[in-house]
Structures are given as structure tokens and as C-alpha cells.
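Engineer: So I've got this file, data-v2.pdb, and it contains PDB, C-alpha atoms, pLDDT in the B column:
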ATOM      1  CA  MET F  22       2.264  -3.128   0.470  1.00 85.00           C
ATOM      2  CA  THR F  23       3.344  -6.717   1.061  1.00 94.00           C
ATOM      3  CA  ARG F  24       5.949  -7.559   3.696  1.00 97.00           C
ATOM      4  CA  LEU F  25       6.950 -11.206   3.776  1.00 97.00           C
ATOM      5  CA  LEU F  26       9.515 -13.340   5.557  1.00 97.00           C
ATOM      6  CA  LEU F  27      10.691 -16.662   4.110  1.00 96.00           C
ATOM      7  CA  ILE F  28      12.077 -19.052   6.699  1.00 94.00           C
ATOM      8  CA  GLY F  29      13.386 -22.603   6.517  1.00 91.00           C
ATOM      9  CA  PRO F  30      16.530 -24.732   6.785  1.00 89.00           C
ATOM     10  CA  PRO F  31      19.496 -24.314   4.432  1.00 84.00           C
ATOM     11  CA  GLY F  32      18.740 -26.047   1.139  1.00 86.00           C
ATOM     12  CA  ALA F  33      14.944 -25.822   1.438  1.00 91.00           C
ATOM     13  CA  GLY F  34      14.789 -23.708  -1.726  1.00 91.00           C
ATOM     14  CA  LYS F  35      14.364 -20.294  -0.111  1.00 91.00           C
ATOM     15  CA  GLY F  36      16.473 -18.496  -2.697  1.00 89.00           C
ATOM     16  CA  THR F  37      14.565 -19.970  -5.636  1.00 93.00           C
ATOM     17  CA  GLN F  38      11.159 -19.253  -4.102  1.00 96.00           C
ATOM     18  CA  ALA F  39      12.210 -15.788  -2.925  1.00 96.00           C
ATOM     19  CA  ALA F  40      13.078 -14.755  -6.496  1.00 95.00           C
ATOM     20  CA  ARG F  41       9.738 -16.064  -7.782  1.00 96.00           C
ATOM     21  CA  LEU F  42       7.671 -14.462  -5.023  1.00 96.00           C
ATOM     22  CA  ALA F  43       9.467 -11.140  -5.448  1.00 96.00           C
ATOM     23  CA  GLU F  44       8.380 -11.105  -9.095  1.00 95.00           C
ATOM     24  CA  ILE F  45       4.814 -12.211  -8.328  1.00 95.00           C
ATOM     25  CA  TYR F  46       4.270  -9.574  -5.627  1.00 95.00           C
ATOM     26  CA  GLY F  47       6.392  -6.815  -7.161  1.00 94.00           C
ATOM     27  CA  ILE F  48       8.713  -6.475  -4.155  1.00 96.00           C
ATOM     28  CA  PRO F  49      12.476  -6.834  -3.710  1.00 95.00           C
ATOM     29  CA  ALA F  50      13.861 -10.105  -2.342  1.00 96.00           C
ATOM     30  CA  ILE F  51      16.382  -9.243   0.361  1.00 94.00           C
ATOM     31  CA  SER F  52      18.737 -12.140   1.065  1.00 90.00           C
ATOM     32  CA  THR F  53      21.364 -11.786   3.754  1.00 85.00           C
ATOM     33  CA  GLY F  54      23.248 -14.722   2.257  1.00 80.00           C
ATOM     34  CA  ASP F  55      23.481 -13.051  -1.153  1.00 80.00           C
ATOM     35  CA  ILE F  56      24.544  -9.757   0.423  1.00 80.00           C
ATOM     36  CA  PHE F  57      27.214 -11.453   2.520  1.00 82.00           C
ATOM     37  CA  ARG F  58      28.532 -13.481  -0.432  1.00 83.00           C
ATOM     38  CA  SER F  59      28.657 -10.331  -2.569  1.00 80.00           C
ATOM     39  CA  ASN F  60      30.709  -8.614   0.119  1.00 80.00           C
ATOM     40  CA  VAL F  61      33.022 -11.629   0.394  1.00 86.00           C
ATOM     41  CA  LYS F  62      33.521 -11.680  -3.385  1.00 89.00           C
ATOM     42  CA  ASN F  63      34.266  -7.950  -3.450  1.00 88.00           C
ATOM     43  CA  GLY F  64      36.632  -8.179  -0.482  1.00 89.00           C
ATOM     44  CA  THR F  65      34.840  -5.578   1.640  1.00 84.00           C
ATOM     45  CA  GLU F  66      35.479  -5.182   5.364  1.00 85.00           C
ATOM     46  CA  LEU F  67      32.084  -6.747   6.118  1.00 78.00           C
ATOM     47  CA  GLY F  68      32.829  -9.568   3.699  1.00 83.00           C
ATOM     48  CA  THR F  69      36.139 -10.351   5.368  1.00 87.00           C
ATOM     49  CA  LYS F  70      34.457 -10.499   8.776  1.00 85.00           C
ATOM     50  CA  ALA F  71      31.514 -12.531   7.497  1.00 84.00           C
ATOM     51  CA  LYS F  72      33.570 -15.097   5.543  1.00 88.00           C
ATOM     52  CA  ALA F  73      35.107 -16.721   8.622  1.00 85.00           C
ATOM     53  CA  PHE F  74      31.676 -17.333  10.123  1.00 86.00           C
ATOM     54  CA  MET F  75      30.138 -18.517   6.838  1.00 81.00           C
ATOM     55  CA  ASP F  76      32.958 -20.985   6.075  1.00 85.00           C
ATOM     56  CA  ALA F  77      32.483 -22.536   9.526  1.00 85.00           C
ATOM     57  CA  GLY F  78      28.719 -22.804   8.999  1.00 81.00           C
ATOM     58  CA  ASP F  79      27.992 -20.312  11.767  1.00 83.00           C
ATOM     59  CA  ASN F  80      25.631 -17.347  11.592  1.00 76.00           C
ATOM     60  CA  VAL F  81      27.168 -13.921  11.066  1.00 83.00           C
ATOM     61  CA  PRO F  82      26.865 -11.994  14.395  1.00 87.00           C
ATOM     62  CA  ASP F  83      23.697  -9.996  14.996  1.00 87.00           C
ATOM     63  CA  SER F  84      25.494  -6.659  15.160  1.00 87.00           C
ATOM     64  CA  LEU F  85      26.788  -6.984  11.579  1.00 83.00           C
ATOM     65  CA  THR F  86      23.581  -8.480  10.246  1.00 88.00           C
ATOM     66  CA  ASN F  87      21.201  -5.992  11.882  1.00 89.00           C
ATOM     67  CA  ALA F  88      23.116  -2.994  10.564  1.00 81.00           C
ATOM     68  CA  LEU F  89      23.161  -4.395   7.051  1.00 80.00           C
ATOM     69  CA  ILE F  90      19.426  -5.170   7.044  1.00 85.00           C
ATOM     70  CA  ARG F  91      18.453  -1.775   8.488  1.00 85.00           C
ATOM     71  CA  ASP F  92      20.371  -0.035   5.722  1.00 79.00           C
ATOM     72  CA  ARG F  93      18.825  -2.265   3.046  1.00 85.00           C
ATOM     73  CA  LEU F  94      15.246  -1.768   4.271  1.00 90.00           C
ATOM     74  CA  GLU F  95      15.721   2.005   4.181  1.00 88.00           C
ATOM     75  CA  GLU F  96      16.380   1.914   0.418  1.00 85.00           C
ATOM     76  CA  ASP F  97      13.680   3.265  -1.885  1.00 94.00           C
ATOM     77  CA  ASP F  98      12.710  -0.037  -3.494  1.00 93.00           C
ATOM     78  CA  ALA F  99      11.766  -1.538  -0.116  1.00 93.00           C
ATOM     79  CA  GLN F 100       9.334   1.197   0.873  1.00 92.00           C
ATOM     80  CA  ASP F 101       6.353  -0.493  -0.801  1.00 90.00           C
ATOM     81  CA  GLY F 102       7.119  -3.932   0.623  1.00 95.00           C
ATOM     82  CA  PHE F 103       9.818  -6.572   0.647  1.00 97.00           C
ATOM     83  CA  LEU F 104      10.562 -10.252   1.063  1.00 97.00           C
ATOM     84  CA  LEU F 105      13.199 -11.175   3.633  1.00 97.00           C
ATOM     85  CA  ASP F 106      15.188 -14.369   3.064  1.00 93.00           C
ATOM     86  CA  GLY F 107      17.614 -15.430   5.795  1.00 85.00           C
ATOM     87  CA  TYR F 108      16.727 -12.739   8.312  1.00 91.00           C
ATOM     88  CA  PRO F 109      15.802 -12.769  11.132  1.00 93.00           C
ATOM     89  CA  ARG F 110      17.545 -15.947  12.279  1.00 85.00           C
ATOM     90  CA  THR F 111      17.495 -15.425  16.045  1.00 86.00           C
ATOM     91  CA  THR F 112      14.998 -14.101  18.569  1.00 88.00           C
ATOM     92  CA  ASP F 113      17.264 -11.078  19.109  1.00 90.00           C
ATOM     93  CA  GLN F 114      17.032 -10.334  15.384  1.00 92.00           C
ATOM     94  CA  VAL F 115      13.247 -10.702  15.590  1.00 95.00           C
ATOM     95  CA  ARG F 116      13.209  -7.966  18.240  1.00 95.00           C
ATOM     96  CA  GLU F 117      15.452  -5.786  16.068  1.00 95.00           C
ATOM     97  CA  LEU F 118      13.183  -6.251  13.043  1.00 96.00           C
ATOM     98  CA  ASP F 119      10.057  -5.624  15.155  1.00 97.00           C
ATOM     99  CA  SER F 120      11.589  -2.389  16.407  1.00 96.00           C
ATOM    100  CA  PHE F 121      12.564  -1.253  12.911  1.00 95.00           C
ATOM    101  CA  LEU F 122       9.133  -1.988  11.441  1.00 96.00           C
ATOM    102  CA  ALA F 123       7.297  -0.405  14.391  1.00 96.00           C
ATOM    103  CA  SER F 124       9.318   2.776  13.925  1.00 95.00           C
ATOM    104  CA  HIS F 125       7.887   2.894  10.394  1.00 93.00           C
ATOM    105  CA  GLY F 126       4.352   1.992  11.481  1.00 94.00           C
ATOM    106  CA  ALA F 127       4.588  -1.412   9.819  1.00 94.00           C
ATOM    107  CA  ALA F 128       4.630  -5.152  10.546  1.00 95.00           C
ATOM    108  CA  LEU F 129       5.119  -8.415   8.661  1.00 97.00           C
ATOM    109  CA  ASP F 130       2.059  -9.572   6.707  1.00 96.00           C
ATOM    110  CA  ALA F 131       3.049 -13.244   6.667  1.00 97.00           C
ATOM    111  CA  VAL F 132       5.904 -15.585   7.535  1.00 97.00           C
ATOM    112  CA  VAL F 133       6.276 -18.487   5.090  1.00 97.00           C
ATOM    113  CA  GLU F 134       7.999 -21.525   6.593  1.00 96.00           C
ATOM    114  CA  LEU F 135       9.443 -24.000   4.081  1.00 95.00           C
ATOM    115  CA  GLU F 136       9.640 -27.517   5.519  1.00 93.00           C
ATOM    116  CA  ALA F 137      12.095 -30.062   4.093  1.00 91.00           C
ATOM    117  CA  ASP F 138      13.558 -33.396   5.210  1.00 91.00           C
ATOM    118  CA  PRO F 139      17.144 -32.864   6.490  1.00 88.00           C
ATOM    119  CA  GLU F 140      18.611 -35.711   4.403  1.00 89.00           C
ATOM    120  CA  VAL F 141      17.031 -34.282   1.240  1.00 88.00           C
ATOM    121  CA  VAL F 142      18.478 -30.900   2.163  1.00 87.00           C
ATOM    122  CA  ILE F 143      21.974 -32.363   2.599  1.00 89.00           C
ATOM    123  CA  SER F 144      21.760 -34.097  -0.778  1.00 88.00           C
ATOM    124  CA  ARG F 145      20.610 -30.846  -2.455  1.00 85.00           C
ATOM    125  CA  LEU F 146      23.419 -28.800  -0.930  1.00 86.00           C
ATOM    126  CA  ARG F 147      26.144 -31.329  -1.755  1.00 85.00           C
ATOM    127  CA  LYS F 148      25.002 -31.161  -5.383  1.00 86.00           C
ATOM    128  CA  ARG F 149      24.995 -27.334  -5.262  1.00 83.00           C
ATOM    129  CA  ALA F 150      28.495 -27.308  -3.777  1.00 83.00           C
ATOM    130  CA  LEU F 151      29.799 -29.359  -6.697  1.00 85.00           C
ATOM    131  CA  GLU F 152      28.011 -27.208  -9.275  1.00 87.00           C
ATOM    132  CA  GLN F 153      28.920 -23.819  -7.788  1.00 85.00           C
ATOM    133  CA  GLY F 154      32.166 -24.580  -5.967  1.00 75.00           C
ATOM    134  CA  ARG F 155      30.859 -23.131  -2.701  1.00 74.00           C
ATOM    135  CA  SER F 156      33.109 -23.593   0.322  1.00 72.00           C
ATOM    136  CA  ASP F 157      30.142 -23.317   2.705  1.00 70.00           C
ATOM    137  CA  ASP F 158      28.340 -26.379   1.294  1.00 73.00           C
ATOM    138  CA  THR F 159      30.524 -29.309   2.408  1.00 81.00           C
ATOM    139  CA  GLU F 160      28.539 -32.072   4.124  1.00 83.00           C
ATOM    140  CA  ALA F 161      30.104 -31.403   7.536  1.00 87.00           C
ATOM    141  CA  VAL F 162      29.360 -27.695   7.282  1.00 86.00           C
ATOM    142  CA  VAL F 163      25.817 -28.329   6.038  1.00 86.00           C
ATOM    143  CA  ARG F 164      25.078 -30.663   8.957  1.00 90.00           C
ATOM    144  CA  HIS F 165      26.435 -28.029  11.332  1.00 89.00           C
ATOM    145  CA  ARG F 166      24.291 -25.351   9.664  1.00 87.00           C
ATOM    146  CA  LEU F 167      21.210 -27.543  10.129  1.00 90.00           C
ATOM    147  CA  GLU F 168      22.079 -27.910  13.827  1.00 91.00           C
ATOM    148  CA  VAL F 169      22.512 -24.147  14.140  1.00 88.00           C
ATOM    149  CA  TYR F 170      19.182 -23.643  12.368  1.00 88.00           C
ATOM    150  CA  SER F 171      17.421 -26.048  14.708  1.00 88.00           C
ATOM    151  CA  GLU F 172      18.875 -24.417  17.808  1.00 88.00           C
ATOM    152  CA  GLN F 173      18.624 -20.738  16.874  1.00 84.00           C
ATOM    153  CA  THR F 174      16.104 -20.265  14.093  1.00 82.00           C
ATOM    154  CA  ALA F 175      13.445 -22.910  14.686  1.00 80.00           C
ATOM    155  CA  PRO F 176      12.263 -21.111  17.884  1.00 88.00           C
ATOM    156  CA  LEU F 177      11.272 -18.186  15.639  1.00 93.00           C
ATOM    157  CA  ILE F 178       8.590 -20.423  14.162  1.00 93.00           C
ATOM    158  CA  ASN F 179       6.899 -20.565  17.562  1.00 93.00           C
ATOM    159  CA  VAL F 180       7.134 -16.775  17.897  1.00 95.00           C
ATOM    160  CA  TYR F 181       5.440 -16.133  14.551  1.00 97.00           C
ATOM    161  CA  ALA F 182       2.916 -18.937  15.059  1.00 95.00           C
ATOM    162  CA  SER F 183       1.826 -17.243  18.282  1.00 96.00           C
ATOM    163  CA  ARG F 184       1.230 -14.046  16.267  1.00 96.00           C
ATOM    164  CA  ASP F 185      -0.896 -15.974  13.747  1.00 96.00           C
ATOM    165  CA  VAL F 186       1.200 -14.885  10.766  1.00 97.00           C
ATOM    166  CA  LEU F 187       2.875 -18.251  10.083  1.00 97.00           C
ATOM    167  CA  VAL F 188       2.153 -20.248   6.907  1.00 96.00           C
ATOM    168  CA  THR F 189       3.849 -23.671   6.734  1.00 96.00           C
ATOM    169  CA  ILE F 190       4.563 -25.084   3.268  1.00 97.00           C
ATOM    170  CA  ASP F 191       5.907 -28.466   2.086  1.00 95.00           C
ATOM    171  CA  ALA F 192       9.081 -27.412   0.235  1.00 95.00           C
ATOM    172  CA  LEU F 193       9.661 -30.743  -1.517  1.00 91.00           C
ATOM    173  CA  GLY F 194       8.555 -31.390  -5.080  1.00 90.00           C
ATOM    174  CA  GLU F 195       8.559 -29.441  -8.325  1.00 94.00           C
ATOM    175  CA  ILE F 196       9.505 -25.768  -8.014  1.00 95.00           C
ATOM    176  CA  ASP F 197       6.258 -24.634  -9.684  1.00 97.00           C
ATOM    177  CA  ALA F 198       4.213 -26.749  -7.278  1.00 97.00           C
ATOM    178  CA  VAL F 199       5.927 -25.247  -4.232  1.00 97.00           C
ATOM    179  CA  THR F 200       5.368 -21.720  -5.568  1.00 97.00           C
ATOM    180  CA  ALA F 201       1.693 -22.524  -6.127  1.00 97.00           C
ATOM    181  CA  ARG F 202       1.358 -23.835  -2.554  1.00 97.00           C
ATOM    182  CA  ILE F 203       2.814 -20.599  -1.206  1.00 97.00           C
ATOM    183  CA  THR F 204       0.694 -18.222  -3.279  1.00 97.00           C
ATOM    184  CA  GLU F 205      -2.487 -20.193  -2.553  1.00 97.00           C
ATOM    185  CA  ALA F 206      -1.769 -20.086   1.183  1.00 97.00           C
ATOM    186  CA  LEU F 207      -1.142 -16.341   1.005  1.00 97.00           C
ATOM    187  CA  VAL F 208      -4.386 -15.749  -0.910  1.00 96.00           C
ATOM    188  CA  GLU F 209      -6.193 -17.441   1.976  1.00 95.00           C
ATOM    189  CA  ARG F 210      -4.671 -14.757   4.194  1.00 94.00           C
ATOM    190  CA  GLY F 211      -5.786 -11.963   1.894  1.00 93.00           C
ATOM    191  CA  ILE F 212      -2.400 -11.468   0.237  1.00 94.00           C
ATOM    192  CA  SER F 213      -2.680 -11.573  -3.542  1.00 87.00           C
ATOM    193  CA  SER F 214      -0.513 -10.567  -6.470  1.00 81.00           C
ATOM    194  CA  ALA F 215      -3.593  -8.671  -7.675  1.00 49.00           C
ATOM    195  CA  ASP F 216      -3.016  -6.251  -4.779  1.00 48.00           C
ATOM    196  CA  VAL F 217       0.199  -5.200  -6.465  1.00 44.00           C
ATOM    197  CA  THR F 218      -1.270  -4.605  -9.911  1.00 44.00           C
ATOM    198  CA  SER F 219      -4.234  -2.663  -8.542  1.00 41.00           C
ATOM    199  CA  ARG F 220      -2.130  -0.185  -6.560  1.00 39.00           C
TER     200      ARG F 220
END
Is it possible to express this structure as C-alpha cells?

Structural biologist:
Amino acid sequence: MTRLLLIGPPGAGKGTQAARLAEIYGIPAISTGDIFRSNVKNGTELGTKAKAFMDAGDNVPDSLTNALIRDRLEEDDAQDGFLLDGYPRTTDQVRELDSFLASHGAALDAVVELEADPEVVISRLRKRALEQGRSDDTEAVVRHRLEVYSEQTAPLINVYASRDVLVTIDALGEIDAVTARITEALVERGISSADVTSR
């Protein structure tokens, strides 16, 4: 079983790397952003509530997010491991995740932090906004999201560093190179894709 958390600022490439790592380790990638956007697109009650926060560049409140993640982690495909992308984002969510995992006799195996220069991130997200027509990727909103990340999410890095589960990766460069950096760092911690195939 491999339980990973991918953390980093908006635009650091978490979604791209999450999809690759999920395939490499044979676990589902669970992205709160994708789940929220799916709910917004389908006009669900959660989506309607989440959209106002997302359009402003704010995090969706813990109560909504925690409930959604708990339900998702209870699904069958997550029982043999998972990769979380976008959750937890606050120390309160860390406590919620800790509690959930402890109740199942589990814990995170590693937390992968993707580091990226803020100006590079802004440039990436402006390009994505044009390509995908996303209302949550305007420059003003992106800068606000980076501020929110710095204030609320960056402290999580200290929490996981103190637990000795943090792996910090340079997220800039070719996608393949970033993936290789991550998998090599995880091998050093005893986490290998071979563990999946040998189960």
C-alpha cells in the first residue's frame, strides 16, 4: 500500500504529476480541485457552494472539503493506497486526515512538495486560463491563490517535515525530469513502483 500527498502552489504541475504517479504506483489520484470542478460543471449543491469560493481564489471551507474527502477515501479503489492532490490545505484538514487514517490504522508514507518560482507559476496559469477558459485562472485570482497558499498551506510543510515524511522536489523543467526526481526520491525512502507489481 502506498499513501502519498502531493503539495505545492497552484500551477506547480501537481495535476500532471499526480496522474503520472497514480499510474506508476497503481493508486488513484484524488484531486479536490477536479472533484469540485466536476460538481460545478454538473450543477450539484456542493458545486454551487464551491464555485463562489473558487472564482474568488479562496479555499472551499473545511467542512465541505473534509466530508468530500472522507467519502472518497472510503471507496474501494482507495483501500490499497491513494495519492492526494490539493488536500489537506490547512492544519485543521491535516488533523482531520490524521484522524481518518488513524481510524483505519494507516498513515501517509510520504509528502511530496513541488517547489516552483511564483512568477513562473503565474505565467503557466495565465496560459492555462487562455487554453481552457478557466474563470479561476485570471492573474489577480492566481496571485491571491498564491497568497492564500503561502498563508494557509505552506505551514503544512513544517508539520510534515517534523514527521520526517517530507520530500522536496524542484518542479521546474521537463515533465519527465520532474517525474524522475519524484520517483527517485521515493525510492530512497523505500517506496518503489515494484512494490505494487509484487503485491

Engineer: Show which residues sit within 10 Å of Arg41 of chain F, as a PDB file with C-alpha atoms, keeping the file's coordinate frame. Count only C-alpha atoms, and ignore same-chain residues fewer than 5 positions away.

Structural biologist:
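Dumped to selection_31.pdb:
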ATOM      1  CA  LYS F  35      14.364 -20.294  -0.111  1.00 91.00           C
ATOM      2  CA  GLY F  36      16.473 -18.496  -2.697  1.00 89.00           C
ATOM      3  CA  TYR F  46       4.270  -9.574  -5.627  1.00 95.00           C
ATOM      4  CA  GLY F  47       6.392  -6.815  -7.161  1.00 94.00           C
ATOM      5  CA  ALA F  50      13.861 -10.105  -2.342  1.00 96.00           C
ATOM      6  CA  ILE F 196       9.505 -25.768  -8.014  1.00 95.00           C
ATOM      7  CA  ASP F 197       6.258 -24.634  -9.684  1.00 97.00           C
ATOM      8  CA  THR F 200       5.368 -21.720  -5.568  1.00 97.00           C
TER       9      THR F 200
END

Engineer: Kindly indicate which residue among F:Ala39, F:Val142, F:Ala182, F:Val163 lies nearest to Met75 of chain F, using only C-alpha atoms for the distances.

Structural biologist: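 So, comparing all the options, the nearest one is F:Val163.
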
Engineer: Evaluated on this file, the PyMOL selection byres ((chain F and resi 56) around 12) picks out some residues - which ones are they, written as number ranges by chain?

Structural biologist: F: 50-55, 57-63, 65, 67-68, 71-72, 81, 85-86, 89-90, 92-93, 105-108

Engineer: State, in Å with one decimal place, the distance from atom CA of Gly64 of chain F to atom CA of Ala150 of chain F.

Structural biologist: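 Separating atom CA of Gly64 of chain F from atom CA of Ala150 of chain F is a distance of 21.0 Å.
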
Engineer: For atom CA of Gly78 of chain F and atom CA of Arg149 of chain F, quote the distance in Å rounded to one decimal.

Structural biologist: 15.4 Å

Engineer: Return the single residue from F:Arg110, F:Arg145, F:Arg116, F:Arg91 that is closest to Ala33 of chain F, with distances computed using all atoms listed in the file.

Structural biologist: F:Arg145

Engineer: Quick check, in Å to one decimal: how far apart do atom CA of Glu195 of chain F and atom CA of Glu152 of chain F lie?

Structural biologist: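 Taking atom CA of Glu195 of chain F as the start and atom CA of Glu152 of chain F as the end point, the length is 19.6 Å.
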
Engineer: I'd like the neighbourhood of Gln114 of chain F as a PyMOL selection string, where a residue qualifies if any of its atoms comes within 10 Å (using only C-alpha atoms), though same-chain residues fewer than 3 positions away should be ignored.

Structural biologist: chain F and resi 83-84+86-87+108-111+117-120+177

Engineer: Pull C-alpha atoms from the residues just selected and write them as a short mmCIF file (atom, residue, chain, number, x, y, z; two decimals), in the frame of the given file.

Structural biologist:
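Listed below is the output, selection-v7.cif:
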data_model
loop_
_atom_site.label_atom_id
_atom_site.label_comp_id
_atom_site.auth_asym_id
_atom_site.auth_seq_id
_atom_site.Cartn_x
_atom_site.Cartn_y
_atom_site.Cartn_z
CA ASP F 83 23.70 -10.00 15.00
CA SER F 84 25.49 -6.66 15.16
CA THR F 86 23.58 -8.48 10.25
CA ASN F 87 21.20 -5.99 11.88
CA TYR F 108 16.73 -12.74 8.31
CA PRO F 109 15.80 -12.77 11.13
CA ARG F 110 17.55 -15.95 12.28
CA THR F 111 17.50 -15.42 16.05
CA GLU F 117 15.45 -5.79 16.07
CA LEU F 118 13.18 -6.25 13.04
CA ASP F 119 10.06 -5.62 15.16
CA SER F 120 11.59 -2.39 16.41
CA LEU F 177 11.27 -18.19 15.64
#

Engineer: Apply the PyMOL selection byres ((chain F and resi 48) around 8) to the structure shown and report the selected residues as a compact mmCIF listing (two decimals) with C-alpha atoms, in the frame of the given file.

Structural biologist:
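Generated output (out.txt):
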# COMPACT_ATOMS: atom_id res chain seq x y z
CA THR F 23 3.34 -6.72 1.06
CA ALA F 43 9.47 -11.14 -5.45
CA GLU F 44 8.38 -11.10 -9.10
CA TYR F 46 4.27 -9.57 -5.63
CA GLY F 47 6.39 -6.82 -7.16
CA PRO F 49 12.48 -6.83 -3.71
CA ALA F 50 13.86 -10.10 -2.34
CA ASP F 98 12.71 -0.04 -3.49
CA ALA F 99 11.77 -1.54 -0.12
CA ASP F 101 6.35 -0.49 -0.80
CA GLY F 102 7.12 -3.93 0.62
CA PHE F 103 9.82 -6.57 0.65
CA LEU F 104 10.56 -10.25 1.06

Engineer: Output, as AutoDock Vina command-line options, the centre and edge lengths in Å (one decimal) of the axis-aligned box that contains all listed atoms of segment 108-115 of chain F with 3 Å of margin on each side.

Structural biologist:
--center_x 15.4 --center_y -13.1 --center_z 13.7 --size_x 10.3 --size_y 11.6 --size_z 16.8

Engineer: Would you mind listing what lies within 9 Å of Ile203 of chain F as a PyMOL selection string, with all atoms listed in the file counted and same-chain residues fewer than 2 positions away left out?

Structural biologist: chain F and resi 38+42+133+188-190+198-201+205-208

Engineer: Complete the atoms of segment 65-84 of chain F to N, CA and C atoms and put them out as an mmCIF file, in the coordinates of the input.

Structural biologist:
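Listing of result-v3.cif after writing:
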data_model
loop_
_atom_site.group_PDB
_atom_site.id
_atom_site.type_symbol
_atom_site.label_atom_id
_atom_site.label_comp_id
_atom_site.auth_asym_id
_atom_site.auth_seq_id
_atom_site.Cartn_x
_atom_site.Cartn_y
_atom_site.Cartn_z
ATOM 1 N N THR F 65 35.135 -6.701 0.752
ATOM 2 C CA THR F 65 34.840 -5.578 1.640
ATOM 3 C C THR F 65 35.180 -5.947 3.086
ATOM 4 N N GLU F 66 35.183 -4.936 3.947
ATOM 5 C CA GLU F 66 35.479 -5.182 5.364
ATOM 6 C C GLU F 66 34.437 -6.122 5.963
ATOM 7 N N LEU F 67 33.155 -5.883 5.637
ATOM 8 C CA LEU F 67 32.084 -6.747 6.118
ATOM 9 C C LEU F 67 32.271 -8.165 5.589
ATOM 10 N N GLY F 68 32.637 -8.255 4.316
ATOM 11 C CA GLY F 68 32.829 -9.568 3.699
ATOM 12 C C GLY F 68 33.931 -10.359 4.362
ATOM 13 N N THR F 69 35.022 -9.692 4.698
ATOM 14 C CA THR F 69 36.139 -10.351 5.368
ATOM 15 C C THR F 69 35.710 -10.882 6.734
ATOM 16 N N LYS F 70 34.946 -10.079 7.455
ATOM 17 C CA LYS F 70 34.457 -10.499 8.776
ATOM 18 C C LYS F 70 33.456 -11.644 8.645
ATOM 19 N N ALA F 71 32.572 -11.534 7.654
ATOM 20 C CA ALA F 71 31.514 -12.531 7.497
ATOM 21 C C ALA F 71 32.041 -13.875 7.015
ATOM 22 N N LYS F 72 33.096 -13.868 6.179
ATOM 23 C CA LYS F 72 33.570 -15.097 5.543
ATOM 24 C C LYS F 72 33.971 -16.158 6.556
ATOM 25 N N ALA F 73 34.649 -15.751 7.623
ATOM 26 C CA ALA F 73 35.107 -16.721 8.622
ATOM 27 C C ALA F 73 33.929 -17.456 9.255
ATOM 28 N N PHE F 74 32.863 -16.712 9.530
ATOM 29 C CA PHE F 74 31.676 -17.333 10.123
ATOM 30 C C PHE F 74 30.974 -18.239 9.110
ATOM 31 N N MET F 75 30.844 -17.765 7.868
ATOM 32 C CA MET F 75 30.138 -18.517 6.838
ATOM 33 C C MET F 75 30.854 -19.826 6.516
ATOM 34 N N ASP F 76 32.195 -19.787 6.409
ATOM 35 C CA ASP F 76 32.958 -20.985 6.075
ATOM 36 C C ASP F 76 32.845 -22.044 7.162
ATOM 37 N N ALA F 77 32.624 -21.600 8.406
ATOM 38 C CA ALA F 77 32.483 -22.536 9.526
ATOM 39 C C ALA F 77 31.046 -23.019 9.681
ATOM 40 N N GLY F 78 30.124 -22.433 8.901
ATOM 41 C CA GLY F 78 28.719 -22.804 8.999
ATOM 42 C C GLY F 78 27.986 -22.104 10.125
ATOM 43 N N ASP F 79 28.619 -21.070 10.683
ATOM 44 C CA ASP F 79 27.992 -20.312 11.767
ATOM 45 C C ASP F 79 27.275 -19.085 11.218
ATOM 46 N N ASN F 80 26.305 -18.584 11.984
ATOM 47 C CA ASN F 80 25.631 -17.347 11.592
ATOM 48 C C ASN F 80 26.545 -16.161 11.800
ATOM 49 N N VAL F 81 26.443 -15.180 10.898
ATOM 50 C CA VAL F 81 27.168 -13.921 11.066
ATOM 51 C C VAL F 81 26.560 -13.206 12.287
ATOM 52 N N PRO F 82 27.381 -12.615 13.158
ATOM 53 C CA PRO F 82 26.865 -11.994 14.395
ATOM 54 C C PRO F 82 25.756 -10.971 14.143
ATOM 55 N N ASP F 83 24.851 -10.885 15.111
ATOM 56 C CA ASP F 83 23.697 -9.996 14.996
ATOM 57 C C ASP F 83 24.080 -8.555 14.694
ATOM 58 N N SER F 84 25.135 -8.074 15.325
ATOM 59 C CA SER F 84 25.494 -6.659 15.160
ATOM 60 C C SER F 84 25.773 -6.323 13.698
#
